[in-house]
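J.: File model-v3.txt below, compact mmCIF, C-alpha atoms:
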```txt
# COMPACT_ATOMS: atom_id res chain seq x y z
CA MET A 1 5.80 53.34 19.64
CA ALA A 2 2.66 51.45 18.65
CA ALA A 3 0.24 50.58 21.42
CA GLU A 4 0.44 47.13 22.94
CA ARG A 5 -3.18 46.44 22.03
CA SER A 6 -2.51 47.01 18.34
CA ARG A 7 0.62 44.84 18.37
CA ARG A 8 -1.23 41.99 20.04
CA GLY A 9 -4.12 42.43 17.66
CA LEU A 10 -1.74 42.03 14.71
CA ASP A 11 -0.21 38.92 16.30
CA TRP A 12 -3.57 37.18 16.59
CA LEU A 13 -4.78 38.50 13.24
CA ASN A 14 -1.96 36.51 11.61
CA PHE A 15 -2.89 33.47 13.69
CA PHE A 16 -6.57 33.47 12.70
CA VAL A 17 -5.94 34.45 9.06
CA ALA A 18 -3.69 31.37 8.77
CA ASP A 19 -6.59 29.33 10.21
CA VAL A 20 -8.94 30.76 7.59
CA GLN A 21 -6.53 30.14 4.71
CA THR A 22 -5.81 26.56 5.80
CA GLY A 23 -9.40 25.65 4.93
CA PHE A 24 -8.66 26.30 1.26
CA GLY A 25 -5.76 23.88 1.06
CA PRO A 26 -6.09 20.18 0.22
CA PHE A 27 -9.49 20.11 1.95
CA VAL A 28 -11.10 21.50 -1.21
CA ALA A 29 -10.10 18.46 -3.26
CA VAL A 30 -11.24 16.07 -0.52
CA TYR A 31 -14.61 17.82 -0.21
CA LEU A 32 -15.31 17.95 -3.94
CA THR A 33 -14.43 14.26 -4.24
CA THR A 34 -17.18 13.46 -1.72
CA GLN A 35 -19.57 15.50 -3.87
CA ALA A 36 -18.96 13.19 -6.85
CA TRP A 37 -16.74 15.62 -8.75
CA THR A 38 -14.34 13.95 -11.18
CA GLU A 39 -10.58 14.44 -11.03
CA VAL A 40 -10.74 16.55 -14.18
CA GLN A 41 -13.42 18.83 -12.69
CA ILE A 42 -11.50 19.18 -9.41
CA GLY A 43 -8.27 19.92 -11.29
CA PHE A 44 -9.98 22.62 -13.35
CA ALA A 45 -11.47 24.30 -10.27
CA LEU A 46 -8.17 24.29 -8.38
CA SER A 47 -6.28 25.49 -11.46
CA LEU A 48 -8.76 28.34 -11.88
CA GLY A 49 -8.08 29.44 -8.30
CA THR A 50 -4.32 29.19 -8.83
CA MET A 51 -4.44 31.15 -12.09
CA THR A 52 -6.65 33.82 -10.49
CA ALA A 53 -4.15 34.23 -7.67
CA MET A 54 -1.22 34.53 -10.07
CA ILE A 55 -2.95 37.05 -12.34
CA SER A 56 -4.16 39.07 -9.35
CA GLN A 57 -0.81 39.48 -7.57
CA VAL A 58 0.31 42.70 -9.24
CA PRO A 59 -3.12 44.41 -9.57
CA ALA A 60 -3.97 43.55 -5.96
CA GLY A 61 -0.68 45.02 -4.75
CA ALA A 62 -1.30 48.21 -6.72
CA LEU A 63 -4.81 48.39 -5.26
CA VAL A 64 -3.56 48.13 -1.68
CA ASP A 65 -0.94 50.81 -2.39
CA ALA A 66 -3.63 53.14 -3.71
CA VAL A 67 -6.01 52.75 -0.76
CA TYR A 68 -5.19 54.92 2.25
CA ASP A 69 -7.07 52.78 4.79
CA LYS A 70 -5.27 49.41 4.73
CA ARG A 71 -7.54 48.02 7.44
CA ARG A 72 -10.55 48.49 5.19
CA THR A 73 -8.98 46.50 2.35
CA ALA A 74 -8.13 43.71 4.81
CA ILE A 75 -11.70 43.70 6.16
CA LEU A 76 -13.18 43.44 2.66
CA ALA A 77 -10.73 40.68 1.74
CA LEU A 78 -11.62 38.67 4.86
CA LEU A 79 -15.33 39.04 4.13
CA ALA A 80 -14.73 37.87 0.56
CA ILE A 81 -12.82 34.79 1.76
CA ALA A 82 -15.61 33.97 4.24
CA THR A 83 -18.14 34.30 1.40
CA ALA A 84 -16.05 31.95 -0.72
CA ALA A 85 -16.07 29.37 2.10
CA VAL A 86 -19.86 29.63 2.46
CA LEU A 87 -20.31 29.15 -1.29
CA LEU A 88 -18.25 25.97 -1.12
CA ALA A 89 -20.05 24.58 1.90
CA ALA A 90 -23.62 25.44 0.86
CA TRP A 91 -23.60 25.03 -2.94
CA PRO A 92 -21.02 22.47 -4.17
CA SER A 93 -22.16 22.75 -7.77
CA THR A 94 -20.07 23.98 -10.68
CA LEU A 95 -20.78 27.71 -10.84
CA PRO A 96 -20.67 28.46 -7.06
CA VAL A 97 -17.45 26.44 -6.66
CA LEU A 98 -15.74 28.20 -9.56
CA LEU A 99 -16.91 31.57 -8.24
CA SER A 100 -15.58 30.61 -4.80
CA GLU A 101 -12.15 29.77 -6.23
CA VAL A 102 -11.94 33.06 -8.14
CA LEU A 103 -13.14 35.07 -5.13
CA HIS A 104 -10.67 33.37 -2.80
CA GLY A 105 -7.79 33.76 -5.25
CA PHE A 106 -8.24 37.51 -5.63
CA ALA A 107 -9.11 38.19 -1.97
CA SER A 108 -6.00 36.34 -0.78
CA CYS A 109 -3.86 38.52 -3.04
CA VAL A 110 -5.40 41.60 -1.38
CA LEU A 111 -5.25 40.28 2.18
CA THR A 112 -1.55 39.33 2.27
CA PRO A 113 -0.17 42.75 1.21
CA SER A 114 -2.78 44.50 3.37
CA ILE A 115 -1.45 42.75 6.48
CA ALA A 116 2.14 43.51 5.42
CA ALA A 117 1.21 47.17 4.91
CA ILE A 118 -0.48 47.32 8.33
CA SER A 119 2.67 45.82 9.85
CA LEU A 120 4.85 48.44 8.17
CA ALA A 121 2.53 51.25 9.26
CA LEU A 122 2.44 49.94 12.82
CA VAL A 123 6.18 49.68 13.52
CA GLY A 124 7.93 51.62 10.74
CA ARG A 125 10.77 50.39 8.55
CA ALA A 126 13.42 50.22 11.27
CA ARG A 127 11.63 47.46 13.20
CA LEU A 128 9.88 45.78 10.29
CA GLY A 129 12.13 42.69 10.28
CA GLU A 130 11.30 41.86 13.88
CA ARG A 131 7.60 42.50 13.24
CA LEU A 132 7.54 40.24 10.18
CA GLY A 133 9.21 37.52 12.22
CA ARG A 134 6.36 37.70 14.74
CA ASN A 135 3.80 37.66 11.93
CA THR A 136 5.36 34.50 10.52
CA ARG A 137 5.51 32.83 13.93
CA PHE A 138 1.81 33.37 14.65
CA ALA A 139 0.79 32.42 11.11
CA ALA A 140 2.76 29.16 11.26
CA LEU A 141 1.28 28.32 14.65
CA GLY A 142 -2.23 29.05 13.39
CA GLY A 143 -1.72 27.00 10.25
CA ALA A 144 -0.39 23.98 12.14
CA ILE A 145 -3.26 23.98 14.64
CA ALA A 146 -5.90 24.61 11.99
CA ALA A 147 -4.68 21.73 9.83
CA GLY A 148 -5.14 19.31 12.73
CA VAL A 149 -8.50 20.70 13.82
CA MET A 150 -9.92 20.81 10.31
CA GLY A 151 -8.70 17.30 9.64
CA LEU A 152 -10.65 16.08 12.68
CA VAL A 153 -13.71 18.15 11.75
CA GLY A 154 -13.69 16.84 8.19
CA THR A 155 -13.27 13.25 9.38
CA TYR A 156 -15.73 13.10 12.27
CA LEU A 157 -18.36 15.66 11.24
CA SER A 158 -18.40 16.16 7.47
CA PRO A 159 -16.11 17.53 4.74
CA ALA A 160 -18.47 20.51 4.34
CA ALA A 161 -18.00 21.37 8.05
CA VAL A 162 -14.40 22.39 7.24
CA PHE A 163 -15.68 25.33 5.19
CA TRP A 164 -18.35 26.36 7.69
CA LEU A 165 -15.54 26.45 10.28
CA THR A 166 -13.38 28.44 7.85
CA ALA A 167 -16.13 31.05 7.46
CA ALA A 168 -16.66 31.17 11.23
CA LEU A 169 -12.95 31.79 11.83
CA ALA A 170 -13.24 34.99 9.81
CA VAL A 171 -15.10 36.46 12.82
CA PRO A 172 -12.14 36.38 15.28
CA SER A 173 -9.92 37.53 12.40
CA LEU A 174 -12.10 40.61 11.93
CA LEU A 175 -12.19 41.27 15.68
CA CYS A 176 -8.39 41.15 15.83
CA LEU A 177 -8.19 43.48 12.84
CA LEU A 178 -10.57 45.95 14.46
CA SER A 179 -8.49 45.91 17.65
CA ILE A 180 -5.62 47.54 15.70
CA ARG A 181 -6.19 51.24 16.33
CA PRO A 182 -6.11 53.53 13.26
CA ALA A 183 -4.29 56.14 15.34
CA ASP A 184 -1.35 53.73 15.71
CA LEU A 185 -1.08 53.46 11.93
CA ALA A 186 -1.81 57.02 10.88
CA ALA A 187 1.65 58.58 11.09
CA ASN A 188 3.47 56.01 8.95
CA VAL A 189 0.62 55.72 6.43
CA ALA A 190 0.55 59.49 5.97
CA ALA A 191 4.32 59.56 5.53
CA ALA A 192 4.16 56.83 2.88
CA HIS A 193 1.53 58.67 0.85
CA ALA A 194 3.51 61.91 1.17
CA GLN A 195 6.55 60.07 -0.21
CA GLN A 196 4.46 58.82 -3.11
CA GLU A 197 3.60 62.38 -4.05
CA ARG A 198 7.26 63.38 -3.97
CA LYS A 199 8.69 60.27 -5.61
CA GLY A 200 6.26 58.19 -7.60
CA ARG A 201 7.41 54.86 -9.05
CA GLY A 202 5.31 52.92 -11.49
CA LEU A 203 5.47 49.29 -12.52
CA LEU A 204 8.01 49.96 -15.27
CA ASP A 205 10.27 51.77 -12.80
CA LEU A 206 10.19 48.74 -10.51
CA LEU A 207 10.97 46.40 -13.41
CA ARG A 208 14.09 48.44 -14.17
CA ASP A 209 15.38 48.09 -10.60
CA ARG A 210 18.23 45.55 -10.45
CA GLY A 211 17.53 44.54 -6.86
CA ILE A 212 13.86 43.85 -7.60
CA LEU A 213 14.67 41.78 -10.69
CA VAL A 214 17.32 39.73 -8.89
CA PHE A 215 15.16 38.99 -5.87
CA ALA A 216 12.16 38.17 -8.10
CA ALA A 217 14.39 35.61 -9.84
CA CYS A 218 15.43 34.28 -6.42
CA CYS A 219 11.76 33.87 -5.45
CA ALA A 220 11.03 31.97 -8.66
CA LEU A 221 14.04 29.68 -8.21
CA PHE A 222 13.16 29.13 -4.55
CA THR A 223 9.69 27.77 -5.26
CA LEU A 224 10.86 25.99 -8.41
CA SER A 225 13.21 24.05 -6.13
CA ASN A 226 11.00 23.80 -3.06
CA ALA A 227 7.39 23.24 -4.15
CA ALA A 228 7.79 19.73 -5.57
CA MET A 229 10.03 18.24 -2.86
CA LEU A 230 7.38 17.14 -0.36
CA PRO A 231 4.82 15.91 -2.94
CA LEU A 232 7.56 13.89 -4.66
CA ALA A 233 8.77 12.48 -1.34
CA GLY A 234 5.17 11.79 -0.33
CA THR A 235 4.65 9.61 -3.40
CA ALA A 236 7.68 7.49 -2.51
CA VAL A 237 6.64 7.23 1.15
CA THR A 238 3.13 6.11 0.19
CA ARG A 239 4.56 3.27 -1.89
CA GLN A 240 6.86 2.13 0.93
CA SER A 241 4.79 2.69 4.06
CA GLY A 242 1.22 1.87 3.10
CA GLU A 243 -1.15 2.71 5.95
CA GLU A 244 1.50 4.66 7.88
CA ALA A 245 2.06 7.06 4.97
CA SER A 246 -0.62 9.56 6.06
CA LEU A 247 0.92 9.82 9.52
CA ILE A 248 4.42 10.37 8.12
CA ILE A 249 3.21 13.00 5.63
CA ALA A 250 1.27 14.80 8.38
CA ALA A 251 4.38 14.88 10.57
CA SER A 252 6.40 16.13 7.59
CA ILE A 253 4.01 19.09 7.33
CA VAL A 254 3.77 19.87 11.04
CA VAL A 255 7.51 19.66 11.87
CA PRO A 256 8.55 22.46 9.48
CA GLN A 257 5.71 24.60 10.84
CA LEU A 258 7.06 24.15 14.35
CA VAL A 259 10.53 25.14 13.14
CA VAL A 260 9.03 28.28 11.56
CA VAL A 261 7.30 29.10 14.86
CA ALA A 262 10.58 28.70 16.74
CA ILE A 263 12.96 30.67 14.52
CA SER A 264 10.96 33.32 12.63
CA PRO A 265 11.49 36.21 15.10
CA SER A 266 15.21 35.42 15.15
CA VAL A 267 15.29 35.52 11.35
CA GLY A 268 13.76 39.01 11.42
CA TRP A 269 16.15 40.18 14.13
CA LEU A 270 19.20 38.77 12.33
CA ALA A 271 18.16 40.50 9.10
CA GLU A 272 18.05 43.83 10.93
CA ALA A 273 21.26 43.24 12.85
CA ARG A 274 23.49 41.56 10.25
CA GLY A 275 21.91 42.31 6.87
CA ARG A 276 19.58 40.71 4.36
CA ARG A 277 22.10 38.86 2.19
CA LEU A 278 23.48 36.80 5.09
CA VAL A 279 20.02 35.63 6.09
CA LEU A 280 19.09 34.79 2.49
CA MET A 281 22.30 32.81 2.01
CA VAL A 282 21.79 30.75 5.16
CA GLY A 283 18.08 30.15 4.66
CA PHE A 284 18.22 29.37 0.95
CA SER A 285 21.19 27.02 1.42
CA MET A 286 18.74 24.58 3.01
CA LEU A 287 17.27 23.93 -0.46
CA PRO A 288 20.27 22.14 -2.04
CA LEU A 289 20.98 20.35 1.24
CA ARG A 290 17.38 19.12 1.45
CA GLY A 291 17.38 18.02 -2.19
CA ALA A 292 20.58 16.02 -1.68
CA LEU A 293 19.28 14.35 1.49
CA LEU A 294 15.93 13.44 -0.08
CA ALA A 295 17.81 11.82 -2.98
CA LEU A 296 19.85 9.73 -0.50
CA VAL A 297 17.50 9.01 2.44
CA GLU A 298 15.33 5.96 1.87
CA ALA A 299 13.81 5.40 5.33
CA PRO A 300 10.31 6.97 5.42
CA VAL A 301 10.85 8.30 8.95
CA GLY A 302 13.96 10.08 7.70
CA LEU A 303 11.70 12.32 5.64
CA ILE A 304 10.42 13.93 8.83
CA PHE A 305 13.92 14.98 9.91
CA VAL A 306 14.85 16.21 6.43
CA GLN A 307 11.64 18.25 6.31
CA ALA A 308 12.78 20.21 9.37
CA LEU A 309 15.14 22.00 6.96
CA ASP A 310 12.09 23.20 5.07
CA GLY A 311 11.11 25.17 8.17
CA ILE A 312 14.37 27.15 7.99
CA SER A 313 13.99 28.04 4.32
CA ALA A 314 10.26 28.77 4.69
CA ALA A 315 10.84 31.11 7.62
CA THR A 316 13.51 32.89 5.58
CA LEU A 317 11.27 33.48 2.56
CA ASN A 318 8.20 34.44 4.61
CA VAL A 319 10.11 37.07 6.57
CA MET A 320 12.46 38.33 3.89
CA LEU A 321 10.03 38.74 0.98
CA PRO A 322 8.04 41.64 2.50
CA LEU A 323 11.13 43.00 4.25
CA ILE A 324 13.13 43.25 1.01
CA ALA A 325 10.08 44.67 -0.78
CA ALA A 326 10.01 47.43 1.85
CA ASP A 327 13.74 48.04 1.42
CA LEU A 328 13.59 48.25 -2.36
CA THR A 329 10.62 50.64 -2.38
CA ARG A 330 12.00 52.92 0.33
CA GLY A 331 11.02 56.49 -0.46
CA SER A 332 7.96 55.55 -2.51
CA ASN A 333 4.54 54.09 -1.86
CA ARG A 334 5.03 51.01 -4.02
CA PHE A 335 5.59 48.45 -1.26
CA ASN A 336 2.57 46.29 -2.09
CA LEU A 337 3.07 46.53 -5.85
CA CYS A 338 6.59 45.20 -5.32
CA MET A 339 5.21 42.42 -3.11
CA GLY A 340 2.83 41.57 -5.93
CA LEU A 341 5.75 41.17 -8.34
CA PHE A 342 7.54 38.88 -5.90
CA GLY A 343 4.32 36.93 -5.28
CA LEU A 344 3.90 36.43 -9.02
CA SER A 345 7.46 35.07 -9.21
CA VAL A 346 6.71 32.67 -6.35
CA GLY A 347 3.57 31.49 -8.15
CA ILE A 348 5.36 30.91 -11.46
CA GLY A 349 8.11 28.88 -9.80
CA GLY A 350 5.65 26.78 -7.83
CA THR A 351 3.48 26.09 -10.87
CA ILE A 352 6.40 24.81 -12.94
CA SER A 353 8.02 22.88 -10.08
CA THR A 354 5.56 20.01 -9.58
CA SER A 355 5.11 19.36 -13.31
CA LEU A 356 8.84 19.45 -14.02
CA ALA A 357 9.80 17.24 -11.08
CA GLY A 358 6.99 14.78 -11.81
CA ALA A 359 8.12 14.45 -15.42
CA VAL A 360 11.77 13.85 -14.45
CA ALA A 361 10.76 11.33 -11.77
CA SER A 362 8.60 9.42 -14.27
CA TRP A 363 11.06 9.51 -17.19
CA ILE A 364 14.28 8.93 -15.23
CA SER A 365 13.96 8.39 -11.46
CA PRO A 366 12.86 10.18 -8.25
CA GLY A 367 16.50 10.39 -7.16
CA VAL A 368 17.42 12.37 -10.27
CA ALA A 369 14.37 14.60 -9.74
CA PHE A 370 15.48 15.40 -6.18
CA ALA A 371 19.02 16.10 -7.42
CA MET A 372 17.63 18.47 -10.06
CA LEU A 373 15.57 20.33 -7.45
CA GLY A 374 18.67 20.60 -5.25
CA VAL A 375 20.71 22.05 -8.13
CA ILE A 376 17.99 24.65 -8.75
CA GLY A 377 18.18 25.53 -5.05
CA LEU A 378 21.96 25.89 -5.37
CA LEU A 379 21.44 28.28 -8.29
CA CYS A 380 19.18 30.34 -6.01
CA VAL A 381 21.96 30.56 -3.39
CA LEU A 382 24.53 31.50 -6.03
CA LEU A 383 22.25 34.21 -7.40
CA VAL A 384 21.99 35.78 -3.94
CA TRP A 385 25.76 35.56 -3.45
CA LEU A 386 26.76 36.93 -6.85
CA ALA A 387 24.03 39.41 -7.76
CA MET A 388 21.75 40.35 -4.85
CA PRO A 389 22.59 43.77 -3.38
CA GLU A 390 22.43 44.38 0.36
CA THR A 391 19.23 46.36 0.91
CA ARG A 392 19.43 47.14 4.63
CA GLU A 393 19.99 50.76 5.54
CA GLU A 394 23.46 51.32 6.97
CA THR A 395 22.13 53.41 9.85
CA PRO A 396 18.76 51.99 10.94
CA GLU A 397 16.50 54.23 12.94
CA GLY A 398 16.41 51.88 15.91
CA ALA A 399 18.12 48.73 17.05
CA ALA A 400 15.97 45.64 16.86
CA GLN A 401 15.99 43.12 19.67
CA PRO A 402 15.19 39.44 19.41
CA ALA A 403 11.65 38.49 20.48
```
Translate the structure of the given file into structure tokens.
T.:
Amino acid sequence: MAAERSRRGLDWLNFFVADVQTGFGPFVAVYLTTQAWTEVQIGFALSLGTMTAMISQVPAGALVDAVYDKRRTAILALLAIATAAVLLAAWPSTLPVLLSEVLHGFASCVLTPSIAAISLALVGRARLGERLGRNTRFAALGGAIAAGVMGLVGTYLSPAAVFWLTAALAVPSLLCLLSIRPADLAANVAAAHAQQERKGRGLLDLLRDRGILVFAACCALFTLSNAAMLPLAGTAVTRQSGEEASLIIAASIVVPQLVVVAISPSVGWLAEARGRRLVLMVGFSMLPLRGALLALVEAPVGLIFVQALDGISAATLNVMLPLIAADLTRGSNRFNLCMGLFGLSVGIGGTISTSLAGAVASWISPGVAFAMLGVIGLLCVLLVWLAMPETREETPEGAAQPA
């Protein structure tokens, strides 16, 4: 069993990494606006970062698979993200900002599978669901706290201070990473590389796997349904609530995060105890329900309660994506490459979602747009029910317990 120090180190690594990543959310657009960037320039910079992240998903996953020392890849990725934050804060001109977006996009694609690989190496496949639940809990808690703190820092100090704080938070992230002892990872990492030598699977082999293709489609449908719901609801709330809109939107972001914190370990435990398909069905069923409610609920405060459902579906995807990737690459060292494929599917769905929903809302009505997003979510549930194979091993090595 992994040492307690390493387990705690991984807990807080997820917490502080979420803090670091929060700095690259909407704060970038706010900061560049204060630096007299136009909307077109800001859109291009953010799009460059998004495109870099999408293009990098599969190569970054393959890179992490190929490197024996997963801690080293995570360290380099954290340093790259800190460098990107410093570039933003110190030199808000065109070239440094674009370089920062590219650097952050690629480094994030390396960091996420590195942490997943460290988690797998630390606890093994039999307890991975429970471990991923803890990862998600600490990441959600870190993200919720960081959003509030960075909002205050950006308001009362300066927008640039958000990125200096982001760079500074890389320090506790690195300390937590270094507290994970290599000896606690060595056995499972060595076994994974030995499996690779016996049973290699390349990208084409993964693309011929029915389970991988079905779940990749589920990931794309999930974000196609989910990504546009809050922005679309936020537009309606802003028109109705005026000055109170910011408070309602903030609560609509924080409430799902608190739900994720509360239920993520139980999601991981349930996936180990009762199977992956059951958890996917329950979690993804929140998408059509949320779409229907957003189409019907008009009171701005009602948005906060509807958004609680987002916490259930988000916890499901965050836990199940790496867990199913581990299941479907069992017996080979292609875990992170598979995660890259799923990450690419998530990115494609999210990219299309906001444009599609915005067009439908403008041409027809927001209610029809919400209904469309709910139907896409229903298709995701049906795809799991009709085509997704159960990937849990019938005889797990150990029985997981709820955290």
J.: Taking only C-alpha atoms into account, name the residue in A:Val254, A:Ile364, A:Ala308, A:Leu321 that is nearest to Ala140 in chain A.
T.: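 The answer is A:Val254, which sits nearest to Ala140 in chain A.
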J.: Pick out the closest residue to Phe370 in chain A from this set: A:Phe305, A:Leu294, A:Gly331, A:Arg392. Count all atoms listed in the file.
T.: A:Leu294
J.: Give me, please, the distance in Å between CA of Asp327 in chain A and CA of Leu141 in chain A, quoted to one decimal.
T.: 26.8 Å
J.: Find the residue from A:Leu169, A:Leu175, A:Val381, A:Leu157 that sits nearest to Leu278 in chain A; use all atoms listed in the file when measuring.
T.: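 So, comparing all the options, the nearest one is A:Val381.
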J.: Using 8 Å as the limit and counting only C-alpha atoms, can you tabulate each residue of range 115-230 of chain A that touches range 71-82 of chain A, with its shortest atom-to-atom distance in Å and the two atoms involved, as JSON lines?
T.:
```
{"residue": "A:Ile115", "atom": "CA", "partner": "A:Ala74", "partner_atom": "CA", "distance": 7.0}
{"residue": "A:Ile118", "atom": "CA", "partner": "A:Arg71", "partner_atom": "CA", "distance": 7.2}
{"residue": "A:Thr166", "atom": "CA", "partner": "A:Ala82", "partner_atom": "CA", "distance": 7.0}
{"residue": "A:Ala167", "atom": "CA", "partner": "A:Ala82", "partner_atom": "CA", "distance": 4.4}
{"residue": "A:Ala168", "atom": "CA", "partner": "A:Ala82", "partner_atom": "CA", "distance": 7.6}
{"residue": "A:Ala170", "atom": "CA", "partner": "A:Ala82", "partner_atom": "CA", "distance": 6.1}
{"residue": "A:Ser173", "atom": "CA", "partner": "A:Leu78", "partner_atom": "CA", "distance": 7.8}
{"residue": "A:Leu174", "atom": "CA", "partner": "A:Ile75", "partner_atom": "CA", "distance": 6.6}
{"residue": "A:Leu177", "atom": "CA", "partner": "A:Arg71", "partner_atom": "CA", "distance": 7.1}
{"residue": "A:Leu178", "atom": "CA", "partner": "A:Arg71", "partner_atom": "CA", "distance": 7.9}
```
J.: I'd like the box whose edges run along x, y and z of the file and which contains every listed atom of range 27-35 of chain A, padded by 4 Å per side; could you state its centre and edge lengths in Å, one decimal, as AutoDock Vina command-line options?
T.:
```
--center_x -14.5 --center_y 17.5 --center_z -1.1 --size_x 18.1 --size_y 16.0 --size_z 14.2
```
J.: Would you mind telling me which residue in A:Met388, A:Ala371, A:Ala89, A:Ala117 lies nearest to Ala292 in chain A when using all atoms listed in the file?
T.: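 Counting all atoms listed in the file, the residue closest to Ala292 in chain A is A:Ala371.
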J.: Do you have the CA of Leu382 in chain A-CA of Leu289 in chain A distance handy?
T.: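 Taking CA of Leu382 in chain A and CA of Leu289 in chain A, their separation equals 13.8 Å.
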J.: Could you list, as a list in words, every residue within 8 Å of Thr136 in chain A, counting all atoms listed in the file and ignoring same-chain residues fewer than 4 positions away?
T.: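 Residues near the query, excluding close chain neighbours: Asn14, Leu132, Ala140, Val260, Val261, Ser264, Pro265, Ala315, Asn318 and Val319 of chain A.
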J.: Which distance in Å separates CA of Ser266 in chain A and CA of Met281 in chain A, to one decimal?
T.: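 Value for the CA of Ser266 in chain A-CA of Met281 in chain A distance: 15.2 Å.
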J.: For Ser179 in chain A, find every residue with an atom within 7 Å (counting only C-alpha atoms), except residues of its own chain fewer than 6 positions away, and show them as a count of residues only.
T.: 3
J.: Closest to Gly302 in chain A among A:Ala45, A:Ile248, A:Leu204, A:Ala271, using only C-alpha atoms?
T.: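 The closest residue to Gly302 in chain A is A:Ile248.
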J.: Between A:Pro59, A:Gly154, A:Gly377, A:Gly25, which has the minimum distance to Leu221 in chain A (counting only C-alpha atoms)?
T.: A:Gly377
J.: Could you pull the residues within 12 Å of Ala161 in chain A, counting all atoms listed in the file, minus those fewer than 6 positions along the same chain, as a ChimeraX atom specification?
T.: /A:23,27-28,31,85-86,88-90,149-155,167-168
J.: Kindly provide, as a list in words, the polymer residues lying within 8 Å of (-9.6, 34.0, -3.1), counting only C-alpha atoms and using the coordinates exactly as they appear in the file.
T.: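 Selection result: Gly49, Thr52, Ala53, Ala80, Ile81, Ala84, Ser100, Glu101, Val102, Leu103, His104, Gly105, Phe106, Ala107, Ser108 and Cys109 of chain A.
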J.: Would you kindly return, as a ChimeraX atom specification, each protein, DNA or RNA residue with an atom no farther than 10 Å from any atom of Leu203 in chain A, considering only C-alpha atoms and excluding same-chain residues fewer than 5 positions away?
T.: /A:58,62,208,334,337-338,341
J.: Deliver the residues from the most recent selection as a file, using C-alpha atoms, as a PDB file, in the coordinates of the input.
T.:
```
ATOM      1  CA  VAL A  58       0.310  42.700  -9.240  1.00  0.00           C
ATOM      2  CA  ALA A  62      -1.300  48.210  -6.720  1.00  0.00           C
ATOM      3  CA  ARG A 208      14.090  48.440 -14.170  1.00  0.00           C
ATOM      4  CA  ARG A 334       5.030  51.010  -4.020  1.00  0.00           C
ATOM      5  CA  LEU A 337       3.070  46.530  -5.850  1.00  0.00           C
ATOM      6  CA  CYS A 338       6.590  45.200  -5.320  1.00  0.00           C
ATOM      7  CA  LEU A 341       5.750  41.170  -8.340  1.00  0.00           C
TER       8      LEU A 341
END
```
J.: Pick out the residues sitting within 8 Å of Ala216 in chain A, and hand them over as an mmCIF file with C-alpha atoms, in the coordinates of the input; count only C-alpha atoms, and ignore anything fewer than 2 positions along from it in its own chain.
T.:
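Written file, part_37.cif:
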```
data_model
loop_
_atom_site.group_PDB
_atom_site.id
_atom_site.type_symbol
_atom_site.label_atom_id
_atom_site.label_comp_id
_atom_site.auth_asym_id
_atom_site.auth_seq_id
_atom_site.Cartn_x
_atom_site.Cartn_y
_atom_site.Cartn_z
ATOM 1 C CA ILE A 212 13.860 43.850 -7.600
ATOM 2 C CA LEU A 213 14.670 41.780 -10.690
ATOM 3 C CA VAL A 214 17.320 39.730 -8.890
ATOM 4 C CA CYS A 218 15.430 34.280 -6.420
ATOM 5 C CA CYS A 219 11.760 33.870 -5.450
ATOM 6 C CA ALA A 220 11.030 31.970 -8.660
ATOM 7 C CA LEU A 341 5.750 41.170 -8.340
ATOM 8 C CA PHE A 342 7.540 38.880 -5.900
ATOM 9 C CA SER A 345 7.460 35.070 -9.210
ATOM 10 C CA VAL A 346 6.710 32.670 -6.350
#
```
J.: Around (0.4, 31.5, 10.4) in the file's frame, which residues reach within 8 Å when counting all atoms listed in the file? Return as a PyMOL selection string?
T.: chain A and resi 14-19+135-144
